[in-house]
$ cat upload.txt   # compact mmCIF, N, CA and C atoms
# COMPACT_ATOMS: atom_id res chain seq x y z
N MET Y 1 -122.43 94.39 -157.70
CA MET Y 1 -121.20 93.72 -158.07
C MET Y 1 -120.69 92.97 -156.84
N ASP Y 2 -120.35 91.72 -157.00
CA ASP Y 2 -119.87 90.95 -155.85
C ASP Y 2 -118.34 91.00 -155.75
N THR Y 3 -117.83 90.44 -154.67
CA THR Y 3 -116.40 90.48 -154.39
C THR Y 3 -115.58 89.86 -155.52
N ALA Y 4 -116.01 88.75 -156.06
CA ALA Y 4 -115.27 88.10 -157.14
C ALA Y 4 -115.17 89.00 -158.38
N ASP Y 5 -116.24 89.72 -158.70
CA ASP Y 5 -116.22 90.64 -159.84
C ASP Y 5 -115.23 91.79 -159.61
N ILE Y 6 -115.23 92.32 -158.41
CA ILE Y 6 -114.31 93.41 -158.09
C ILE Y 6 -112.87 92.91 -158.12
N GLN Y 7 -112.65 91.72 -157.59
CA GLN Y 7 -111.30 91.13 -157.63
C GLN Y 7 -110.82 91.00 -159.07
N LYS Y 8 -111.69 90.52 -159.94
CA LYS Y 8 -111.33 90.34 -161.35
C LYS Y 8 -110.99 91.68 -162.00
N LYS Y 9 -111.79 92.71 -161.73
CA LYS Y 9 -111.53 94.03 -162.32
C LYS Y 9 -110.22 94.63 -161.80
N CYS Y 10 -109.93 94.43 -160.53
CA CYS Y 10 -108.67 94.93 -159.97
C CYS Y 10 -107.48 94.23 -160.62
N THR Y 11 -107.58 92.92 -160.80
CA THR Y 11 -106.52 92.16 -161.43
C THR Y 11 -106.31 92.62 -162.87
N GLU Y 12 -107.39 92.82 -163.60
CA GLU Y 12 -107.29 93.32 -164.98
C GLU Y 12 -106.63 94.70 -165.00
N PHE Y 13 -107.01 95.56 -164.08
CA PHE Y 13 -106.45 96.91 -164.02
C PHE Y 13 -104.94 96.86 -163.80
N VAL Y 14 -104.50 96.08 -162.82
CA VAL Y 14 -103.07 96.01 -162.52
C VAL Y 14 -102.29 95.50 -163.74
N LYS Y 15 -102.83 94.52 -164.44
CA LYS Y 15 -102.15 93.98 -165.62
C LYS Y 15 -102.07 95.01 -166.75
N THR Y 16 -103.10 95.86 -166.90
CA THR Y 16 -103.09 96.84 -167.99
C THR Y 16 -102.02 97.92 -167.79
N LEU Y 17 -101.52 98.08 -166.59
CA LEU Y 17 -100.49 99.08 -166.34
C LEU Y 17 -99.18 98.72 -167.04
N GLY Y 18 -98.98 97.43 -167.31
CA GLY Y 18 -97.79 96.99 -168.03
C GLY Y 18 -96.52 96.94 -167.20
N VAL Y 19 -96.66 97.05 -165.89
CA VAL Y 19 -95.51 96.96 -164.99
C VAL Y 19 -95.90 96.07 -163.82
N PRO Y 20 -94.91 95.45 -163.14
CA PRO Y 20 -95.25 94.71 -161.94
C PRO Y 20 -95.96 95.65 -160.95
N GLY Y 21 -97.00 95.15 -160.30
CA GLY Y 21 -97.72 96.00 -159.38
C GLY Y 21 -98.55 95.23 -158.37
N PHE Y 22 -98.97 95.93 -157.34
CA PHE Y 22 -99.77 95.37 -156.26
C PHE Y 22 -100.71 96.45 -155.77
N ILE Y 23 -101.99 96.13 -155.61
CA ILE Y 23 -102.95 97.09 -155.06
C ILE Y 23 -103.83 96.42 -154.02
N VAL Y 24 -104.30 97.22 -153.10
CA VAL Y 24 -105.35 96.82 -152.15
C VAL Y 24 -106.50 97.77 -152.42
N PHE Y 25 -107.70 97.22 -152.55
CA PHE Y 25 -108.87 98.04 -152.85
C PHE Y 25 -109.96 97.75 -151.83
N GLY Y 26 -110.52 98.80 -151.28
CA GLY Y 26 -111.63 98.65 -150.34
C GLY Y 26 -112.82 99.46 -150.81
N TRP Y 27 -114.01 98.97 -150.49
CA TRP Y 27 -115.24 99.67 -150.89
C TRP Y 27 -116.32 99.41 -149.85
N GLN Y 28 -117.32 100.30 -149.87
CA GLN Y 28 -118.44 100.14 -148.96
C GLN Y 28 -119.53 99.33 -149.65
N LYS Y 29 -119.99 98.32 -148.95
CA LYS Y 29 -121.10 97.49 -149.42
C LYS Y 29 -122.40 98.04 -148.83
N PRO Y 30 -123.53 97.49 -149.22
CA PRO Y 30 -124.78 97.91 -148.58
C PRO Y 30 -124.79 97.60 -147.08
N LYS Y 31 -125.62 98.30 -146.37
CA LYS Y 31 -125.84 98.07 -144.94
C LYS Y 31 -124.58 98.30 -144.11
N ASN Y 32 -123.80 99.30 -144.49
CA ASN Y 32 -122.62 99.71 -143.73
C ASN Y 32 -121.59 98.59 -143.54
N GLU Y 33 -121.46 97.72 -144.52
CA GLU Y 33 -120.42 96.69 -144.53
C GLU Y 33 -119.34 97.12 -145.51
N PHE Y 34 -118.17 96.53 -145.39
CA PHE Y 34 -117.05 96.90 -146.24
C PHE Y 34 -116.38 95.66 -146.80
N GLY Y 35 -115.82 95.79 -147.99
CA GLY Y 35 -115.11 94.69 -148.61
C GLY Y 35 -113.71 95.13 -149.00
N PHE Y 36 -112.80 94.17 -149.05
CA PHE Y 36 -111.42 94.43 -149.44
C PHE Y 36 -110.93 93.31 -150.32
N VAL Y 37 -110.17 93.66 -151.34
CA VAL Y 37 -109.49 92.69 -152.18
C VAL Y 37 -108.09 93.21 -152.46
N TYR Y 38 -107.23 92.33 -152.90
CA TYR Y 38 -105.92 92.75 -153.35
C TYR Y 38 -105.61 92.05 -154.65
N SER Y 39 -104.71 92.62 -155.40
CA SER Y 39 -104.28 92.02 -156.65
C SER Y 39 -102.79 92.21 -156.81
N ASN Y 40 -102.12 91.14 -157.19
CA ASN Y 40 -100.68 91.14 -157.35
C ASN Y 40 -100.34 90.72 -158.77
N HIS Y 41 -99.50 91.52 -159.43
CA HIS Y 41 -99.05 91.16 -160.78
C HIS Y 41 -97.53 91.23 -160.82
N ALA Y 42 -96.90 90.06 -160.76
CA ALA Y 42 -95.45 89.92 -160.94
C ALA Y 42 -94.61 90.64 -159.88
N MET Y 43 -95.14 90.79 -158.67
CA MET Y 43 -94.37 91.39 -157.58
C MET Y 43 -93.93 90.28 -156.64
N PRO Y 44 -92.66 90.26 -156.25
CA PRO Y 44 -92.21 89.25 -155.29
C PRO Y 44 -92.92 89.43 -153.94
N PRO Y 45 -93.29 88.33 -153.29
CA PRO Y 45 -94.00 88.44 -152.00
C PRO Y 45 -93.26 89.30 -150.97
N SER Y 46 -91.94 89.22 -150.93
CA SER Y 46 -91.20 90.01 -149.94
C SER Y 46 -91.36 91.51 -150.20
N VAL Y 47 -91.45 91.91 -151.45
CA VAL Y 47 -91.64 93.32 -151.80
C VAL Y 47 -93.06 93.75 -151.45
N VAL Y 48 -94.03 92.89 -151.70
CA VAL Y 48 -95.42 93.19 -151.35
C VAL Y 48 -95.54 93.40 -149.84
N LEU Y 49 -94.95 92.51 -149.05
CA LEU Y 49 -95.02 92.64 -147.59
C LEU Y 49 -94.35 93.92 -147.12
N LYS Y 50 -93.20 94.24 -147.67
CA LYS Y 50 -92.50 95.47 -147.29
C LYS Y 50 -93.35 96.69 -147.63
N GLY Y 51 -93.95 96.69 -148.81
CA GLY Y 51 -94.81 97.80 -149.21
C GLY Y 51 -96.04 97.93 -148.34
N MET Y 52 -96.67 96.81 -148.03
CA MET Y 52 -97.86 96.86 -147.17
C MET Y 52 -97.51 97.37 -145.78
N ALA Y 53 -96.36 96.94 -145.25
CA ALA Y 53 -95.94 97.40 -143.92
C ALA Y 53 -95.70 98.91 -143.94
N PHE Y 54 -95.06 99.41 -145.01
CA PHE Y 54 -94.82 100.84 -145.13
C PHE Y 54 -96.13 101.62 -145.19
N VAL Y 55 -97.05 101.17 -146.02
CA VAL Y 55 -98.32 101.87 -146.17
C VAL Y 55 -99.12 101.84 -144.87
N LEU Y 56 -99.14 100.71 -144.19
CA LEU Y 56 -99.86 100.61 -142.92
C LEU Y 56 -99.27 101.58 -141.90
N GLN Y 57 -97.95 101.61 -141.78
CA GLN Y 57 -97.31 102.53 -140.84
C GLN Y 57 -97.60 103.98 -141.21
N ASP Y 58 -97.52 104.31 -142.48
CA ASP Y 58 -97.81 105.66 -142.94
C ASP Y 58 -99.25 106.06 -142.63
N PHE Y 59 -100.17 105.16 -142.90
CA PHE Y 59 -101.60 105.42 -142.64
C PHE Y 59 -101.82 105.67 -141.15
N VAL Y 60 -101.28 104.81 -140.30
CA VAL Y 60 -101.45 104.94 -138.85
C VAL Y 60 -100.86 106.26 -138.36
N ASN Y 61 -99.68 106.59 -138.86
CA ASN Y 61 -99.04 107.84 -138.42
C ASN Y 61 -99.84 109.07 -138.83
N LYS Y 62 -100.51 109.03 -139.97
CA LYS Y 62 -101.26 110.19 -140.44
C LYS Y 62 -102.67 110.28 -139.87
N LYS Y 63 -103.26 109.13 -139.52
CA LYS Y 63 -104.67 109.12 -139.10
C LYS Y 63 -104.87 109.01 -137.60
N PHE Y 64 -103.87 108.58 -136.85
CA PHE Y 64 -104.09 108.36 -135.41
C PHE Y 64 -103.14 109.16 -134.57

$ encode --input "upload.txt" --output "structure tokens"
Amino acid sequence: MDTADIQKKCTEFVKTLGVPGFIVFGWQKPKNEFGFVYSNHAMPPSVVLKGMAFVLQDFVNKKF
């Protein structure tokens, strides 16, 4: 499955939830490479940025 296919599936998933939403999805590709996509459904950009900043800070605080 290529990046475009995964992006499409993530977008479909977020829409099926029936509420505004935003996700970031990462996966391991062959040969120890990694891919990332995001999908936004009806979320204001300022809210997405605030959420991403919160999650990044939370991840760093728990993992490092």

$ select_by_dssp --input "upload.txt" --residues "chain Y" --states "helix (DSSP H, G or I)" --output "MDAnalysis selection string"
chainID Y and resid 3:16 30:32 45:63

$ write_last_selection --input "upload.txt" --atoms "N, CA and C atoms" --output "short mmCIF file (atom, residue, chain, number, x, y, z; two decimals), in the frame of the given file"
data_model
loop_
_atom_site.label_atom_id
_atom_site.label_comp_id
_atom_site.auth_asym_id
_atom_site.auth_seq_id
_atom_site.Cartn_x
_atom_site.Cartn_y
_atom_site.Cartn_z
N THR Y 3 -117.83 90.44 -154.67
CA THR Y 3 -116.40 90.48 -154.39
C THR Y 3 -115.58 89.86 -155.52
N ALA Y 4 -116.01 88.75 -156.06
CA ALA Y 4 -115.27 88.10 -157.14
C ALA Y 4 -115.17 89.00 -158.38
N ASP Y 5 -116.24 89.72 -158.70
CA ASP Y 5 -116.22 90.64 -159.84
C ASP Y 5 -115.23 91.79 -159.61
N ILE Y 6 -115.23 92.32 -158.41
CA ILE Y 6 -114.31 93.41 -158.09
C ILE Y 6 -112.87 92.91 -158.12
N GLN Y 7 -112.65 91.72 -157.59
CA GLN Y 7 -111.30 91.13 -157.63
C GLN Y 7 -110.82 91.00 -159.07
N LYS Y 8 -111.69 90.52 -159.94
CA LYS Y 8 -111.33 90.34 -161.35
C LYS Y 8 -110.99 91.68 -162.00
N LYS Y 9 -111.79 92.71 -161.73
CA LYS Y 9 -111.53 94.03 -162.32
C LYS Y 9 -110.22 94.63 -161.80
N CYS Y 10 -109.93 94.43 -160.53
CA CYS Y 10 -108.67 94.93 -159.97
C CYS Y 10 -107.48 94.23 -160.62
N THR Y 11 -107.58 92.92 -160.80
CA THR Y 11 -106.52 92.16 -161.43
C THR Y 11 -106.31 92.62 -162.87
N GLU Y 12 -107.39 92.82 -163.60
CA GLU Y 12 -107.29 93.32 -164.98
C GLU Y 12 -106.63 94.70 -165.00
N PHE Y 13 -107.01 95.56 -164.08
CA PHE Y 13 -106.45 96.91 -164.02
C PHE Y 13 -104.94 96.86 -163.80
N VAL Y 14 -104.50 96.08 -162.82
CA VAL Y 14 -103.07 96.01 -162.52
C VAL Y 14 -102.29 95.50 -163.74
N LYS Y 15 -102.83 94.52 -164.44
CA LYS Y 15 -102.15 93.98 -165.62
C LYS Y 15 -102.07 95.01 -166.75
N THR Y 16 -103.10 95.86 -166.90
CA THR Y 16 -103.09 96.84 -167.99
C THR Y 16 -102.02 97.92 -167.79
N PRO Y 30 -123.53 97.49 -149.22
CA PRO Y 30 -124.78 97.91 -148.58
C PRO Y 30 -124.79 97.60 -147.08
N LYS Y 31 -125.62 98.30 -146.37
CA LYS Y 31 -125.84 98.07 -144.94
C LYS Y 31 -124.58 98.30 -144.11
N ASN Y 32 -123.80 99.30 -144.49
CA ASN Y 32 -122.62 99.71 -143.73
C ASN Y 32 -121.59 98.59 -143.54
N PRO Y 45 -93.29 88.33 -153.29
CA PRO Y 45 -94.00 88.44 -152.00
C PRO Y 45 -93.26 89.30 -150.97
N SER Y 46 -91.94 89.22 -150.93
CA SER Y 46 -91.20 90.01 -149.94
C SER Y 46 -91.36 91.51 -150.20
N VAL Y 47 -91.45 91.91 -151.45
CA VAL Y 47 -91.64 93.32 -151.80
C VAL Y 47 -93.06 93.75 -151.45
N VAL Y 48 -94.03 92.89 -151.70
CA VAL Y 48 -95.42 93.19 -151.35
C VAL Y 48 -95.54 93.40 -149.84
N LEU Y 49 -94.95 92.51 -149.05
CA LEU Y 49 -95.02 92.64 -147.59
C LEU Y 49 -94.35 93.92 -147.12
N LYS Y 50 -93.20 94.24 -147.67
CA LYS Y 50 -92.50 95.47 -147.29
C LYS Y 50 -93.35 96.69 -147.63
N GLY Y 51 -93.95 96.69 -148.81
CA GLY Y 51 -94.81 97.80 -149.21
C GLY Y 51 -96.04 97.93 -148.34
N MET Y 52 -96.67 96.81 -148.03
CA MET Y 52 -97.86 96.86 -147.17
C MET Y 52 -97.51 97.37 -145.78
N ALA Y 53 -96.36 96.94 -145.25
CA ALA Y 53 -95.94 97.40 -143.92
C ALA Y 53 -95.70 98.91 -143.94
N PHE Y 54 -95.06 99.41 -145.01
CA PHE Y 54 -94.82 100.84 -145.13
C PHE Y 54 -96.13 101.62 -145.19
N VAL Y 55 -97.05 101.17 -146.02
CA VAL Y 55 -98.32 101.87 -146.17
C VAL Y 55 -99.12 101.84 -144.87
N LEU Y 56 -99.14 100.71 -144.19
CA LEU Y 56 -99.86 100.61 -142.92
C LEU Y 56 -99.27 101.58 -141.90
N GLN Y 57 -97.95 101.61 -141.78
CA GLN Y 57 -97.31 102.53 -140.84
C GLN Y 57 -97.60 103.98 -141.21
N ASP Y 58 -97.52 104.31 -142.48
CA ASP Y 58 -97.81 105.66 -142.94
C ASP Y 58 -99.25 106.06 -142.63
N PHE Y 59 -100.17 105.16 -142.90
CA PHE Y 59 -101.60 105.42 -142.64
C PHE Y 59 -101.82 105.67 -141.15
N VAL Y 60 -101.28 104.81 -140.30
CA VAL Y 60 -101.45 104.94 -138.85
C VAL Y 60 -100.86 106.26 -138.36
N ASN Y 61 -99.68 106.59 -138.86
CA ASN Y 61 -99.04 107.84 -138.42
C ASN Y 61 -99.84 109.07 -138.83
N LYS Y 62 -100.51 109.03 -139.97
CA LYS Y 62 -101.26 110.19 -140.44
C LYS Y 62 -102.67 110.28 -139.87
N LYS Y 63 -103.26 109.13 -139.52
CA LYS Y 63 -104.67 109.12 -139.10
C LYS Y 63 -104.87 109.01 -137.60
#

$ select_by_dssp --input "upload.txt" --residues "stretch 17-60 of chain Y" --states "strand (DSSP E or B)" --output "number ranges by chain"
Y: 21-29, 33-41

$ atom_distance --input "upload.txt" --atom1 "atom CA of Y:Ser39" --atom2 "atom CA of Y:Trp27"
14.6 Å

$ atom_distance --input "upload.txt" --atom1 "atom CA of Y:His41" --atom2 "atom CA of Y:Lys9"
12.9 Å

$ atom_distance --input "upload.txt" --atom1 "atom C of Y:Ile23" --atom2 "atom C of Y:Asn40"
8.2 Å

$ closest_residue --input "upload.txt" --among "Y:Asn61, Y:Ala42, Y:Gly35, Y:Ile6" --to "Y:Val19" --atoms "all atoms listed in the file"
Y:Ala42

$ residues_around --input "upload.txt" --residues "Y:Gly51" --least-positions-apart "5" --cutoff "9 Å" --atoms "only C-alpha atoms" --output "JSON, numbers by chain"
{"Y": [22, 46, 56]}

$ closest_residue --input "upload.txt" --among "Y:Gly21, Y:Lys62, Y:Gln28, Y:Val55" --to "Y:Met43" --atoms "only N, CA and C atoms"
Y:Gly21
